[in-house]
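query07.txt (compact mmCIF, N, CA and C atoms) appears below.
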```
# COMPACT_ATOMS: atom_id res chain seq x y z
N MET G 1 137.76 -0.38 -172.18
CA MET G 1 138.74 0.06 -171.21
C MET G 1 138.01 0.66 -170.02
N ALA G 2 138.29 0.17 -168.84
CA ALA G 2 137.64 0.67 -167.64
C ALA G 2 138.64 1.46 -166.79
N VAL G 3 138.15 2.54 -166.20
CA VAL G 3 138.97 3.41 -165.36
C VAL G 3 138.42 3.37 -163.94
N SER G 4 139.31 3.30 -162.97
CA SER G 4 138.89 3.30 -161.57
C SER G 4 138.26 4.65 -161.22
N ILE G 5 137.10 4.60 -160.56
CA ILE G 5 136.45 5.84 -160.12
C ILE G 5 136.36 5.88 -158.60
N GLY G 6 137.12 5.00 -157.95
CA GLY G 6 137.18 5.02 -156.49
C GLY G 6 136.31 3.96 -155.85
N ASN G 7 136.64 3.62 -154.62
CA ASN G 7 135.90 2.64 -153.82
C ASN G 7 135.69 1.31 -154.55
N GLY G 8 136.70 0.90 -155.32
CA GLY G 8 136.62 -0.38 -156.02
C GLY G 8 135.67 -0.39 -157.20
N ARG G 9 135.21 0.79 -157.62
CA ARG G 9 134.29 0.88 -158.77
C ARG G 9 135.05 1.29 -160.02
N TYR G 10 134.56 0.83 -161.18
CA TYR G 10 135.18 1.15 -162.47
C TYR G 10 134.13 1.64 -163.45
N TYR G 11 134.56 2.43 -164.41
CA TYR G 11 133.67 2.98 -165.44
C TYR G 11 134.26 2.64 -166.80
N LYS G 12 133.45 2.06 -167.68
CA LYS G 12 133.93 1.69 -169.01
C LYS G 12 133.86 2.92 -169.93
N LEU G 13 135.03 3.36 -170.40
CA LEU G 13 135.11 4.55 -171.23
C LEU G 13 134.99 4.26 -172.72
N PHE G 14 135.64 3.20 -173.16
CA PHE G 14 135.73 2.92 -174.59
C PHE G 14 135.03 1.61 -174.91
N PRO G 15 133.90 1.67 -175.61
CA PRO G 15 133.19 0.44 -175.97
C PRO G 15 133.94 -0.31 -177.07
N GLY G 16 133.55 -1.53 -177.29
CA GLY G 16 134.12 -2.30 -178.40
C GLY G 16 135.26 -3.20 -177.97
N ASN G 17 135.78 -3.93 -178.95
CA ASN G 17 136.80 -4.93 -178.69
C ASN G 17 138.23 -4.41 -178.82
N SER G 18 138.42 -3.24 -179.40
CA SER G 18 139.78 -2.73 -179.56
C SER G 18 139.88 -1.30 -179.03
N PRO G 19 139.83 -1.15 -177.70
CA PRO G 19 139.91 0.19 -177.12
C PRO G 19 141.31 0.78 -177.31
N PRO G 20 141.43 2.09 -177.27
CA PRO G 20 142.76 2.70 -177.37
C PRO G 20 143.62 2.33 -176.17
N LYS G 21 144.90 2.50 -176.33
CA LYS G 21 145.86 2.15 -175.29
C LYS G 21 146.19 3.38 -174.46
N ARG G 22 146.41 3.19 -173.17
CA ARG G 22 146.79 4.31 -172.32
C ARG G 22 148.25 4.69 -172.59
N LEU G 23 148.48 5.98 -172.72
CA LEU G 23 149.82 6.52 -172.89
C LEU G 23 150.14 7.33 -171.65
N LEU G 24 151.20 6.94 -170.95
CA LEU G 24 151.60 7.69 -169.76
C LEU G 24 152.15 9.05 -170.19
N ILE G 25 151.93 10.06 -169.35
CA ILE G 25 152.40 11.41 -169.65
C ILE G 25 153.91 11.39 -169.90
N GLU G 26 154.64 10.65 -169.08
CA GLU G 26 156.10 10.61 -169.24
C GLU G 26 156.54 9.94 -170.53
N ASP G 27 155.65 9.18 -171.18
CA ASP G 27 156.00 8.49 -172.42
C ASP G 27 155.65 9.28 -173.68
N ILE G 28 155.06 10.45 -173.53
CA ILE G 28 154.78 11.30 -174.70
C ILE G 28 156.12 11.77 -175.25
N SER G 29 156.39 11.43 -176.51
CA SER G 29 157.73 11.67 -177.03
C SER G 29 157.78 12.44 -178.34
N GLU G 30 156.62 12.70 -178.96
CA GLU G 30 156.64 13.45 -180.21
C GLU G 30 155.28 14.11 -180.45
N PRO G 31 155.31 15.22 -181.21
CA PRO G 31 154.04 15.89 -181.53
C PRO G 31 153.21 15.06 -182.50
N GLY G 32 151.90 15.31 -182.50
CA GLY G 32 151.00 14.61 -183.42
C GLY G 32 149.68 14.30 -182.75
N LEU G 33 148.83 13.60 -183.47
CA LEU G 33 147.50 13.23 -182.97
C LEU G 33 147.58 11.93 -182.19
N LEU G 34 147.00 11.90 -181.01
CA LEU G 34 146.91 10.66 -180.23
C LEU G 34 145.66 9.92 -180.71
N SER G 35 145.77 9.22 -181.83
CA SER G 35 144.59 8.62 -182.43
C SER G 35 144.22 7.27 -181.84
N ASN G 36 145.17 6.49 -181.38
CA ASN G 36 144.86 5.19 -180.81
C ASN G 36 145.33 5.09 -179.37
N ALA G 37 145.33 6.22 -178.69
CA ALA G 37 145.80 6.26 -177.31
C ALA G 37 145.01 7.30 -176.53
N PHE G 38 145.05 7.16 -175.20
CA PHE G 38 144.44 8.18 -174.35
C PHE G 38 145.40 8.51 -173.23
N VAL G 39 145.22 9.69 -172.64
CA VAL G 39 146.03 10.16 -171.52
C VAL G 39 145.10 10.31 -170.33
N GLN G 40 145.59 9.90 -169.17
CA GLN G 40 144.81 9.98 -167.94
C GLN G 40 145.65 10.68 -166.89
N GLY G 41 145.08 11.66 -166.19
CA GLY G 41 145.82 12.37 -165.16
C GLY G 41 144.92 12.93 -164.08
N ILE G 42 145.57 13.40 -163.02
CA ILE G 42 144.87 14.04 -161.91
C ILE G 42 145.08 15.55 -162.06
N VAL G 43 144.01 16.32 -161.91
CA VAL G 43 144.09 17.77 -162.08
C VAL G 43 144.82 18.39 -160.90
N VAL G 44 145.87 19.15 -161.22
CA VAL G 44 146.65 19.85 -160.21
C VAL G 44 146.22 21.31 -160.13
N LYS G 45 145.89 21.88 -161.29
CA LYS G 45 145.52 23.31 -161.34
C LYS G 45 144.57 23.54 -162.50
N VAL G 46 143.59 24.42 -162.28
CA VAL G 46 142.65 24.83 -163.33
C VAL G 46 142.72 26.34 -163.42
N CYS G 47 143.02 26.86 -164.59
CA CYS G 47 143.04 28.32 -164.80
C CYS G 47 141.66 28.77 -165.26
N PRO G 48 141.30 30.00 -164.94
CA PRO G 48 139.99 30.51 -165.38
C PRO G 48 139.89 30.53 -166.90
N ILE G 49 138.67 30.39 -167.39
CA ILE G 49 138.42 30.44 -168.84
C ILE G 49 138.70 31.86 -169.33
N LYS G 50 139.37 31.94 -170.47
CA LYS G 50 139.66 33.24 -171.09
C LYS G 50 139.07 33.26 -172.49
N CYS G 51 138.82 34.46 -172.99
CA CYS G 51 138.37 34.62 -174.37
C CYS G 51 139.59 34.87 -175.24
N SER G 52 139.58 34.26 -176.41
CA SER G 52 140.70 34.38 -177.34
C SER G 52 140.15 34.64 -178.73
N GLU G 53 140.76 35.56 -179.46
CA GLU G 53 140.33 35.82 -180.83
C GLU G 53 140.45 34.58 -181.69
N ARG G 54 141.53 33.86 -181.50
CA ARG G 54 141.81 32.70 -182.35
C ARG G 54 140.95 31.49 -182.02
N TYR G 55 140.74 31.21 -180.72
CA TYR G 55 140.08 29.97 -180.32
C TYR G 55 138.66 30.16 -179.79
N GLY G 56 138.24 31.39 -179.60
CA GLY G 56 136.96 31.64 -178.94
C GLY G 56 137.20 31.61 -177.45
N LYS G 57 137.02 30.43 -176.84
CA LYS G 57 137.29 30.28 -175.40
C LYS G 57 138.49 29.36 -175.21
N LEU G 58 139.18 29.56 -174.08
CA LEU G 58 140.38 28.78 -173.78
C LEU G 58 140.44 28.53 -172.28
N CYS G 59 140.73 27.29 -171.89
CA CYS G 59 140.93 26.96 -170.48
C CYS G 59 142.15 26.06 -170.38
N LYS G 60 143.08 26.43 -169.51
CA LYS G 60 144.30 25.65 -169.32
C LYS G 60 144.21 24.90 -168.00
N ILE G 61 144.54 23.60 -168.05
CA ILE G 61 144.62 22.81 -166.84
C ILE G 61 145.99 22.13 -166.79
N LEU G 62 146.43 21.82 -165.59
CA LEU G 62 147.68 21.10 -165.40
C LEU G 62 147.34 19.73 -164.83
N LEU G 63 147.82 18.67 -165.51
CA LEU G 63 147.59 17.30 -165.06
C LEU G 63 148.89 16.69 -164.57
N LYS G 64 148.79 15.85 -163.56
CA LYS G 64 149.93 15.03 -163.16
C LYS G 64 149.57 13.58 -163.45
N GLU G 65 150.60 12.77 -163.64
CA GLU G 65 150.40 11.36 -163.95
C GLU G 65 149.50 10.72 -162.90
N ASP G 66 148.54 9.92 -163.34
CA ASP G 66 147.63 9.21 -162.45
C ASP G 66 148.20 7.81 -162.25
N VAL G 67 149.02 7.67 -161.22
CA VAL G 67 149.64 6.38 -160.93
C VAL G 67 149.30 5.97 -159.51
N GLU G 68 149.23 4.67 -159.31
CA GLU G 68 148.90 4.13 -157.99
C GLU G 68 149.95 4.50 -156.95
N LYS G 69 151.22 4.19 -157.25
CA LYS G 69 152.29 4.40 -156.28
C LYS G 69 153.50 5.03 -156.94
N PRO G 70 153.58 6.37 -156.97
CA PRO G 70 154.80 6.98 -157.52
C PRO G 70 155.99 6.65 -156.63
N THR G 71 157.14 6.47 -157.24
CA THR G 71 158.34 6.15 -156.46
C THR G 71 159.19 7.40 -156.31
N ARG G 72 160.09 7.35 -155.36
CA ARG G 72 160.98 8.49 -155.14
C ARG G 72 161.90 8.72 -156.35
N ASN G 73 162.26 7.64 -157.02
CA ASN G 73 163.16 7.74 -158.17
C ASN G 73 162.45 8.26 -159.41
N SER G 74 161.14 8.15 -159.45
CA SER G 74 160.40 8.58 -160.64
C SER G 74 159.34 9.60 -160.23
N PRO G 75 159.66 10.90 -160.31
CA PRO G 75 158.68 11.91 -159.94
C PRO G 75 157.49 11.88 -160.90
N CYS G 76 156.34 12.30 -160.42
CA CYS G 76 155.14 12.31 -161.25
C CYS G 76 155.29 13.29 -162.41
N ALA G 77 155.10 12.79 -163.62
CA ALA G 77 155.15 13.65 -164.80
C ALA G 77 153.92 14.56 -164.82
N ARG G 78 154.10 15.75 -165.39
CA ARG G 78 153.01 16.73 -165.49
C ARG G 78 152.94 17.24 -166.92
N ILE G 79 151.74 17.69 -167.31
CA ILE G 79 151.57 18.25 -168.65
C ILE G 79 150.43 19.26 -168.62
N HIS G 80 150.58 20.34 -169.40
CA HIS G 80 149.51 21.32 -169.56
C HIS G 80 148.56 20.84 -170.65
N VAL G 81 147.28 21.05 -170.41
CA VAL G 81 146.24 20.71 -171.37
C VAL G 81 145.46 21.98 -171.66
N PHE G 82 145.27 22.27 -172.95
CA PHE G 82 144.48 23.42 -173.36
C PHE G 82 143.17 22.93 -173.93
N LEU G 83 142.07 23.30 -173.27
CA LEU G 83 140.72 23.00 -173.74
C LEU G 83 140.26 24.23 -174.52
N LEU G 84 140.00 24.06 -175.80
CA LEU G 84 139.70 25.20 -176.67
C LEU G 84 138.30 25.10 -177.24
N GLY G 85 137.73 26.26 -177.60
CA GLY G 85 136.40 26.31 -178.19
C GLY G 85 135.35 25.81 -177.22
N ASP G 86 134.41 24.97 -177.72
CA ASP G 86 133.33 24.48 -176.85
C ASP G 86 133.82 23.59 -175.72
N LEU G 87 135.00 22.98 -175.87
CA LEU G 87 135.54 22.15 -174.79
C LEU G 87 136.03 22.97 -173.60
N ALA G 88 136.28 24.26 -173.81
CA ALA G 88 136.74 25.13 -172.72
C ALA G 88 135.69 25.24 -171.61
N ASP G 89 134.42 25.12 -171.97
CA ASP G 89 133.36 25.19 -170.96
C ASP G 89 133.51 24.11 -169.90
N GLU G 90 134.11 22.98 -170.26
CA GLU G 90 134.35 21.92 -169.27
C GLU G 90 135.26 22.41 -168.15
N GLY G 91 136.14 23.35 -168.47
CA GLY G 91 137.08 23.86 -167.47
C GLY G 91 136.41 24.45 -166.24
N SER G 92 135.25 25.06 -166.43
CA SER G 92 134.55 25.67 -165.29
C SER G 92 133.97 24.61 -164.35
N ARG G 93 133.89 23.37 -164.83
CA ARG G 93 133.32 22.29 -164.01
C ARG G 93 134.37 21.29 -163.55
N ILE G 94 135.64 21.58 -163.83
CA ILE G 94 136.73 20.71 -163.40
C ILE G 94 137.33 21.28 -162.12
N SER G 95 137.60 20.41 -161.17
CA SER G 95 138.20 20.83 -159.90
C SER G 95 139.53 20.13 -159.69
N GLU G 96 140.37 20.75 -158.89
CA GLU G 96 141.63 20.12 -158.52
C GLU G 96 141.33 18.79 -157.85
N GLY G 97 142.09 17.78 -158.20
CA GLY G 97 141.88 16.44 -157.65
C GLY G 97 141.02 15.55 -158.52
N ASN G 98 140.28 16.13 -159.48
CA ASN G 98 139.49 15.31 -160.41
C ASN G 98 140.43 14.49 -161.28
N ARG G 99 139.95 13.36 -161.72
CA ARG G 99 140.69 12.54 -162.70
C ARG G 99 140.14 12.91 -164.08
N VAL G 100 141.04 13.14 -165.04
CA VAL G 100 140.63 13.50 -166.40
C VAL G 100 141.23 12.49 -167.38
N VAL G 101 140.41 12.05 -168.33
CA VAL G 101 140.86 11.16 -169.40
C VAL G 101 140.59 11.89 -170.72
N LEU G 102 141.61 11.94 -171.58
CA LEU G 102 141.51 12.62 -172.87
C LEU G 102 141.87 11.66 -173.99
N SER G 103 141.07 11.67 -175.06
CA SER G 103 141.41 10.87 -176.24
C SER G 103 141.28 11.76 -177.48
N GLU G 104 141.97 11.33 -178.54
CA GLU G 104 141.95 12.05 -179.82
C GLU G 104 142.38 13.50 -179.65
N VAL G 105 143.37 13.74 -178.80
CA VAL G 105 143.89 15.10 -178.63
C VAL G 105 145.20 15.23 -179.40
N VAL G 106 145.62 16.48 -179.58
CA VAL G 106 146.84 16.77 -180.33
C VAL G 106 147.97 17.08 -179.35
N VAL G 107 149.12 16.47 -179.60
CA VAL G 107 150.32 16.75 -178.82
C VAL G 107 151.12 17.79 -179.59
N GLU G 108 151.45 18.89 -178.92
CA GLU G 108 152.27 19.95 -179.52
C GLU G 108 153.50 20.18 -178.67
N CYS G 109 154.56 20.68 -179.28
CA CYS G 109 155.74 21.09 -178.52
C CYS G 109 155.35 22.28 -177.67
N SER G 110 155.80 22.30 -176.44
CA SER G 110 155.47 23.39 -175.52
C SER G 110 156.52 24.49 -175.63
N PRO G 111 156.07 25.73 -175.70
CA PRO G 111 157.03 26.83 -175.78
C PRO G 111 157.75 27.10 -174.46
N GLY G 112 157.23 26.58 -173.35
CA GLY G 112 157.83 26.82 -172.04
C GLY G 112 158.96 25.84 -171.75
N ASP G 113 159.73 26.15 -170.73
CA ASP G 113 160.84 25.29 -170.33
C ASP G 113 160.41 24.15 -169.42
N GLU G 114 159.26 24.30 -168.77
CA GLU G 114 158.83 23.34 -167.75
C GLU G 114 158.53 21.97 -168.35
N ASN G 115 157.75 21.92 -169.43
CA ASN G 115 157.35 20.66 -170.07
C ASN G 115 157.75 20.70 -171.54
N GLN G 116 158.13 19.55 -172.06
CA GLN G 116 158.51 19.49 -173.47
C GLN G 116 157.28 19.53 -174.38
N PHE G 117 156.16 18.97 -173.90
CA PHE G 117 154.95 18.88 -174.73
C PHE G 117 153.74 19.42 -173.97
N GLN G 118 152.69 19.73 -174.73
CA GLN G 118 151.40 20.12 -174.18
C GLN G 118 150.32 19.44 -175.02
N LEU G 119 149.13 19.30 -174.44
CA LEU G 119 148.01 18.66 -175.14
C LEU G 119 146.98 19.71 -175.53
N ILE G 120 146.44 19.55 -176.73
CA ILE G 120 145.42 20.47 -177.24
C ILE G 120 144.14 19.67 -177.51
N ALA G 121 143.06 20.05 -176.85
CA ALA G 121 141.75 19.45 -177.09
C ALA G 121 140.90 20.52 -177.76
N TRP G 122 140.76 20.40 -179.08
CA TRP G 122 140.05 21.40 -179.88
C TRP G 122 139.40 20.68 -181.04
N ARG G 123 138.10 20.77 -181.14
CA ARG G 123 137.35 20.04 -182.16
C ARG G 123 137.69 20.47 -183.58
N GLU G 124 138.31 21.62 -183.75
CA GLU G 124 138.71 22.04 -185.10
C GLU G 124 139.97 21.32 -185.57
N LYS G 125 140.71 20.71 -184.63
CA LYS G 125 141.94 19.98 -184.99
C LYS G 125 141.79 18.47 -184.89
N SER G 126 140.85 18.00 -184.06
CA SER G 126 140.71 16.56 -183.87
C SER G 126 139.32 16.24 -183.33
N GLN G 127 139.06 14.96 -183.18
CA GLN G 127 137.79 14.49 -182.63
C GLN G 127 137.93 14.26 -181.13
N ALA G 128 138.43 15.27 -180.43
CA ALA G 128 138.76 15.16 -179.00
C ALA G 128 137.55 14.80 -178.16
N SER G 129 137.81 13.94 -177.15
CA SER G 129 136.81 13.60 -176.14
C SER G 129 137.45 13.76 -174.78
N ILE G 130 136.63 14.11 -173.79
CA ILE G 130 137.13 14.30 -172.43
C ILE G 130 136.14 13.67 -171.46
N TRP G 131 136.69 12.96 -170.47
CA TRP G 131 135.90 12.41 -169.37
C TRP G 131 136.46 13.03 -168.09
N VAL G 132 135.58 13.49 -167.23
CA VAL G 132 135.98 14.07 -165.95
C VAL G 132 135.35 13.20 -164.86
N ILE G 133 136.21 12.67 -163.99
CA ILE G 133 135.75 11.80 -162.92
C ILE G 133 136.01 12.54 -161.61
N SER G 134 134.95 12.89 -160.90
CA SER G 134 135.07 13.67 -159.67
C SER G 134 135.62 12.80 -158.54
N ASN G 135 135.95 13.45 -157.45
CA ASN G 135 136.47 12.74 -156.27
C ASN G 135 135.43 11.78 -155.68
N THR G 136 134.16 12.02 -155.97
CA THR G 136 133.10 11.15 -155.45
C THR G 136 132.75 10.03 -156.42
N GLY G 137 133.42 10.00 -157.59
CA GLY G 137 133.19 8.92 -158.56
C GLY G 137 132.18 9.24 -159.63
N ASN G 138 131.63 10.47 -159.65
CA ASN G 138 130.71 10.84 -160.72
C ASN G 138 131.49 11.06 -162.01
N VAL G 139 130.95 10.57 -163.13
CA VAL G 139 131.63 10.67 -164.42
C VAL G 139 130.83 11.59 -165.34
N ARG G 140 131.53 12.55 -165.93
CA ARG G 140 130.92 13.46 -166.91
C ARG G 140 131.73 13.32 -168.19
N ALA G 141 131.06 13.14 -169.32
CA ALA G 141 131.75 12.92 -170.58
C ALA G 141 131.35 13.96 -171.62
N LYS G 142 132.32 14.34 -172.43
CA LYS G 142 132.08 15.23 -173.57
C LYS G 142 132.73 14.54 -174.76
N HIS G 143 131.91 13.77 -175.51
CA HIS G 143 132.40 12.96 -176.63
C HIS G 143 132.28 13.72 -177.93
N TYR G 144 133.12 13.32 -178.86
CA TYR G 144 132.97 13.79 -180.23
C TYR G 144 131.85 12.97 -180.84
N GLU G 145 130.91 13.66 -181.47
CA GLU G 145 129.80 12.94 -182.10
C GLU G 145 129.89 13.13 -183.60
N ARG G 146 129.90 12.01 -184.30
CA ARG G 146 129.94 12.05 -185.78
C ARG G 146 128.55 12.40 -186.31
N HIS G 147 128.53 13.33 -187.23
CA HIS G 147 127.26 13.70 -187.87
C HIS G 147 127.27 13.14 -189.29
N SER G 148 126.17 12.47 -189.66
CA SER G 148 126.15 11.90 -191.00
C SER G 148 125.40 12.76 -191.98
```

Take the structure I supplied and represent it as C-alpha cells, if you would.
Amino acid sequence: MAVSIGNGRYYKLFPGNSPPKRLLIEDISEPGLLSNAFVQGIVVKVCPIKCSERYGKLCKILLKEDVEKPTRNSPCARIHVFLLGDLADEGSRISEGNRVVLSEVVVECSPGDENQFQLIAWREKSQASIWVISNTGNVRAKHYERHS
C-alpha cells in the first residue's frame, strides 16, 4: 500500500501481497482492534506530552480525514488519537498539517460528546505502528517489532 507524500511521490507502507485496507475515519463504527485496516489523517492539533500513572507518557492528537476533495455535504470527519507509553514520544515530533497513518490500533468509545470513538496506540494493548509524513514528504516510522 502506497501513500501520497506530495509532489506526485508515494511511499510504500505495507510490504507484501495482502496489505491492510484503509478505513475512513467516518466509517469507524465499533470498538475493537483494527487488525486488518489502517487509518490515515491530517493532524489538526497536537497536545503536549503528559505524564500519567497508568500509561507512563500520553500524547493526544486530533486527526481529520485525509481526503482529496471534501464536499460541502460531507464535512471532514475527525477523531482523537492517544499515543501512550513509548509511542507518546512521537507526539513531540508531530506537527499540525502532518499526515499520520496508524495500524494495529484499538478503537474505543469516546467519553466526550464530540466524537463517538477514539483511537488508542499503546504497545501494551496492540502491535500499533505509526507513520508520520511531514509537509515536505519526509517519512518517519515507528513499527512494532516482533521479538523471537

- strand (DSSP E or B) residues, from DSSP on the backbone, in chain G, as an MDAnalysis selection string: chainID G and resid 2:6 9:12 21:22 32:33 37:46 50:52 56:65 78:84 99:103 106:109 117:121 129:133 139:142

- chain G: which residues are helix (DSSP H, G or I) by DSSP, as a list in words?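 Filtering chain G to helix (DSSP H, G or I) leaves Ile25, Glu26, Asp27, Gly85, Asp86, Leu87, Ala88, Asp89, Glu90, Gly91, Ser92 and Arg93 of chain G.
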
- Task: Enter the distance from atom CA of G:Cys109 to atom CA of G:Lys50, in Å, rounded to one decimal.
- Result: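 Separation of atom CA of G:Cys109 and atom CA of G:Lys50: 21.5 Å.
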
- Task: Can you pull out every residue within 8 Å of G:Leu87, counting only C-alpha atoms, but drop anything in the same chain fewer than 4 positions away, and send it as an NGL selection string?
- Result: :G and (83 or 91 or 121-123 or 142)

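For G:Ile49, the list of residues within 8 Å, based on only C-alpha atoms and with local chain neighbours fewer than 3 positions off taken out, reads Lys57, Leu58, Cys59, Lys60, Ala88, Asp89, Gly91 and Ser92 of chain G.
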
- Quick one, how far is atom N of G:Gly85 from atom CA of G:Pro48? 13.1 Å
